[in-house]
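Participant: Below is one structure. I have some questions about it.
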Amino acid sequence: MVELIVKKRQGGELTREEIAWLVRGVTQGSIPDYQISALLMAIYFQGMSREETVNLTMEMARSGDMADLSSIPGVKVDKHSTGGVGDKTTLVVGPLAAACGVKTAKMSGRGLGHTGGTVDKLESVPGLKMDVPRDRFLQIVREHGVALVGQSGSLCPADKKLYALRDVTGTVESLPLIAASIMSKKLASGADAILLDVKVGSGAFMKTLEEARDLARLMVDTGNGAGRRTAALLTDMDMPLGRNIGNALEVMEAVEVLQGRGEARLAALCRELAAGMVQLAGASREEALAQVDRALASGEALEILCRMVEAQGGDRSYLEHPEKFALSPAQMEVAAPQSGCITRLDAQLCGLCAMELGAGRETKESVIDYGAGITLYKNKGDRVQAGEPIARLYAQTEAQCARAAKRLLAALQIKNEEPQSGPLVLERIGI
């Protein structure tokens, strides 16, 4: 291990055999944490070549279970978002793609910090189980075209160990380590093709377009190098996505999109992502968009989501009648402090505001309040009058609402100028 640390510290390239030995040692616990941490710091400063990154990704993917989706007919396409605020797109695009004949067997995560998790959102539906046994999981995908479950504890154990050490050693912001972490889980999940939604902006991990582009290209190259057709969309996360932030609130908004009446920006992104998945399954862009539009107009995608929820033990009536969701009892409206145009609504601060209300986790042990969150009446680019309500907050106590209101106002900037908003899809890579 000392030889590998010195080799990487001096800018050398690790061989496939050396990386395989390393990942085995990480998984088995035979390499001390302090030596793994030293190597991670050397990688942070020296980087990794494309070949090293592909080899690390593949060895991490093989460190635990590899999902076998061969019993599911047709092309299986996975979609991954690098995390954002108000991002409930998985709840929409999985059923949309399924309605177009593209199968999605997706393992999702929980939220931590300012970003939400698909598992938490779906668990706000009474009765719904996210720990579905593997055989049942595959059966649901075969019957309904989509299943969304929690990530298996035996999937990519090497990544769990490496990420925990990166988190406490200041080595999270390493592009090859980020790419290997994300792509190893995607490859272990067994899909034929992978669509990446790489977020850019204040609410994203990558704050600049250049950083996001570098990460997206590396992940696309890594996925293609591992034999999976991979593409990426770089999308704006400089403002919250949609109107609702919070678990039950976001499920309600996803239903609105599938009913054809969702907030325009969110609906547009869901359409692009679903079409991208259909493209990866073999359709042209024009054919894919037409198929997605038909699936939305017919109501078939919403029915697929309802059937999936029911198959996983959930009460589908909550999707048919979203007013049944119990939102948190303490509610407060936040008013605009002045008139003008909202030129900034910092997405990360909005996510932290939702966490303050109880919708997110400060630690992995934090308990989620499924009915907590924010409904935005206004977003970046909108005009407001002084005293006009811009948001409604939901929490268990008025004190939580009062603290969160201060945080939300800190995220807000209002100026006397014309509304401006940039493109939602900033770039496409491989599609």
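Residues are referred to by chain and number: the chain letter is A, B, ... according to the order shown in the structure tokens, the number counts from 1 in that chain, and ligands are numbered separately from 1 in the order shown.
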Give me, as JSON lines, each residue of segment 283-401 of chain A that comes within 8 Å of segment 203-214 of chain A, together with its shortest interatomic pair and the distance in Å at one decimal, counting only C-alpha atoms, with rows ordered by chain and rising residue number.
Facilitator:
{"residue": "A:Asp346", "atom": "CA", "partner": "A:Gly203", "partner_atom": "CA", "distance": 7.0}
{"residue": "A:Ala347", "atom": "CA", "partner": "A:Gly203", "partner_atom": "CA", "distance": 4.3}
{"residue": "A:Gln348", "atom": "CA", "partner": "A:Gly203", "partner_atom": "CA", "distance": 4.1}
{"residue": "A:Leu349", "atom": "CA", "partner": "A:Gly203", "partner_atom": "CA", "distance": 7.7}
{"residue": "A:Gly351", "atom": "CA", "partner": "A:Gly203", "partner_atom": "CA", "distance": 7.6}
Participant: Based on DSSP run over this structure's backbone, return all residues of segment 73-201 of chain A in helix (DSSP H, G or I), as a PyMOL selection string.
Facilitator: chain A and resi 89-99+118-122+134-144+157-169+175-188
Participant: Would you kindly return, as a PyMOL selection string, each protein, DNA or RNA residue with an atom no farther than 10 Å from any atom of Gly25 of chain A, considering only C-alpha atoms and excluding same-chain residues fewer than 6 positions away?
Facilitator: chain A and resi 1+19+31-32+36+158
Participant: Segment 291-423 of chain A: which residues are strand (DSSP E) by DSSP, as a list in words?
Facilitator: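 Taking segment 291-423 of chain A and keeping strand (DSSP E) gives Ala330, Gln331, Met332, Glu333, Val334, Ala335, Gly340, Cys341, Ile342, Thr343, Arg344, Leu345, Gly373, Ile374, Thr375, Leu376, Arg383, Val384, Pro389, Ile390, Ala391, Arg392, Leu393, Tyr394, Ala395, Leu412, Gln413, Ile414 and Lys415 of chain A.
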Participant: Any chance you can output those residues with N, CA and C atoms as an mmCIF file, in the first residue's frame?
Facilitator:
data_model
loop_
_atom_site.group_PDB
_atom_site.id
_atom_site.type_symbol
_atom_site.label_atom_id
_atom_site.label_comp_id
_atom_site.auth_asym_id
_atom_site.auth_seq_id
_atom_site.Cartn_x
_atom_site.Cartn_y
_atom_site.Cartn_z
ATOM 1 N N ALA A 330 -48.073 23.481 11.333
ATOM 2 C CA ALA A 330 -47.666 24.880 11.445
ATOM 3 C C ALA A 330 -47.350 25.412 10.059
ATOM 4 N N GLN A 331 -48.053 26.471 9.658
ATOM 5 C CA GLN A 331 -47.868 27.010 8.314
ATOM 6 C C GLN A 331 -47.711 28.526 8.376
ATOM 7 N N MET A 332 -46.852 29.039 7.498
ATOM 8 C CA MET A 332 -46.561 30.477 7.512
ATOM 9 C C MET A 332 -46.277 30.947 6.102
ATOM 10 N N GLU A 333 -46.839 32.101 5.738
ATOM 11 C CA GLU A 333 -46.503 32.699 4.452
ATOM 12 C C GLU A 333 -45.369 33.694 4.624
ATOM 13 N N VAL A 334 -44.489 33.731 3.621
ATOM 14 C CA VAL A 334 -43.364 34.659 3.608
ATOM 15 C C VAL A 334 -43.639 35.699 2.532
ATOM 16 N N ALA A 335 -43.554 36.978 2.905
ATOM 17 C CA ALA A 335 -43.892 38.068 1.986
ATOM 18 C C ALA A 335 -42.639 38.709 1.410
ATOM 19 N N GLY A 340 -40.223 44.543 -7.153
ATOM 20 C CA GLY A 340 -39.188 44.417 -8.174
ATOM 21 C C GLY A 340 -39.174 43.029 -8.773
ATOM 22 N N CYS A 341 -38.030 42.656 -9.328
ATOM 23 C CA CYS A 341 -37.862 41.346 -9.949
ATOM 24 C C CYS A 341 -36.969 40.481 -9.069
ATOM 25 N N ILE A 342 -37.334 39.211 -8.914
ATOM 26 C CA ILE A 342 -36.492 38.279 -8.170
ATOM 27 C C ILE A 342 -35.315 37.904 -9.070
ATOM 28 N N THR A 343 -34.137 38.416 -8.748
ATOM 29 C CA THR A 343 -32.948 38.155 -9.552
ATOM 30 C C THR A 343 -32.129 36.999 -8.985
ATOM 31 N N ARG A 344 -32.434 36.592 -7.753
ATOM 32 C CA ARG A 344 -31.758 35.434 -7.165
ATOM 33 C C ARG A 344 -32.697 34.769 -6.181
ATOM 34 N N LEU A 345 -32.779 33.431 -6.261
ATOM 35 C CA LEU A 345 -33.425 32.629 -5.228
ATOM 36 C C LEU A 345 -32.516 31.423 -5.053
ATOM 37 N N GLY A 373 -42.060 21.323 4.423
ATOM 38 C CA GLY A 373 -41.454 21.826 3.195
ATOM 39 C C GLY A 373 -41.905 23.222 2.822
ATOM 40 N N ILE A 374 -41.743 23.535 1.551
ATOM 41 C CA ILE A 374 -41.992 24.881 1.018
ATOM 42 C C ILE A 374 -42.795 24.783 -0.263
ATOM 43 N N THR A 375 -43.799 25.637 -0.389
ATOM 44 C CA THR A 375 -44.445 25.869 -1.682
ATOM 45 C C THR A 375 -44.083 27.280 -2.132
ATOM 46 N N LEU A 376 -43.430 27.369 -3.273
ATOM 47 C CA LEU A 376 -43.018 28.669 -3.804
ATOM 48 C C LEU A 376 -44.120 29.225 -4.695
ATOM 49 N N ARG A 383 -41.749 38.828 -11.201
ATOM 50 C CA ARG A 383 -41.933 40.139 -10.585
ATOM 51 C C ARG A 383 -42.818 40.012 -9.355
ATOM 52 N N VAL A 384 -42.533 40.811 -8.326
ATOM 53 C CA VAL A 384 -43.319 40.782 -7.082
ATOM 54 C C VAL A 384 -43.577 42.208 -6.600
ATOM 55 N N PRO A 389 -47.204 37.600 -0.988
ATOM 56 C CA PRO A 389 -46.676 36.301 -0.552
ATOM 57 C C PRO A 389 -45.825 35.670 -1.664
ATOM 58 N N ILE A 390 -44.639 35.181 -1.282
ATOM 59 C CA ILE A 390 -43.775 34.519 -2.251
ATOM 60 C C ILE A 390 -43.628 33.026 -1.954
ATOM 61 N N ALA A 391 -44.011 32.610 -0.739
ATOM 62 C CA ALA A 391 -43.877 31.191 -0.391
ATOM 63 C C ALA A 391 -44.735 30.872 0.827
ATOM 64 N N ARG A 392 -45.083 29.573 0.967
ATOM 65 C CA ARG A 392 -45.731 29.064 2.174
ATOM 66 C C ARG A 392 -44.835 27.985 2.762
ATOM 67 N N LEU A 393 -44.614 28.068 4.075
ATOM 68 C CA LEU A 393 -43.770 27.118 4.790
ATOM 69 C C LEU A 393 -44.632 26.159 5.598
ATOM 70 N N TYR A 394 -44.195 24.898 5.701
ATOM 71 C CA TYR A 394 -44.904 23.868 6.462
ATOM 72 C C TYR A 394 -43.923 23.204 7.425
ATOM 73 N N ALA A 395 -44.286 23.148 8.722
ATOM 74 C CA ALA A 395 -43.431 22.497 9.720
ATOM 75 C C ALA A 395 -44.303 22.035 10.885
ATOM 76 N N LEU A 412 -33.050 35.250 -1.019
ATOM 77 C CA LEU A 412 -33.805 36.057 -1.974
ATOM 78 C C LEU A 412 -33.087 37.363 -2.296
ATOM 79 N N GLN A 413 -33.099 37.737 -3.573
ATOM 80 C CA GLN A 413 -32.605 39.048 -3.979
ATOM 81 C C GLN A 413 -33.609 39.660 -4.947
ATOM 82 N N ILE A 414 -34.060 40.853 -4.648
ATOM 83 C CA ILE A 414 -35.039 41.545 -5.487
ATOM 84 C C ILE A 414 -34.442 42.864 -5.954
ATOM 85 N N LYS A 415 -34.468 43.097 -7.269
ATOM 86 C CA LYS A 415 -33.934 44.331 -7.836
ATOM 87 C C LYS A 415 -34.943 44.923 -8.806
#
Participant: Have a look at atom CA of Cys100 of chain A and atom CA of Met252 of chain A and let me know their distance in Å, one decimal.
Facilitator: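 Atom CA of Met252 of chain A lies at a distance of 22.7 Å from atom CA of Cys100 of chain A.
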Participant: What's around Arg265 of chain A at 10 Å? Count only C-alpha atoms, leave out sequence neighbours fewer than 2 positions away in its own chain, and write the answer as a list in words.
Facilitator: Leu241, Gly242, Arg243, Gly262, Glu263, Ala267, Ala268, Leu269, Cys270, Arg271, Pro423 and Leu424 of chain A
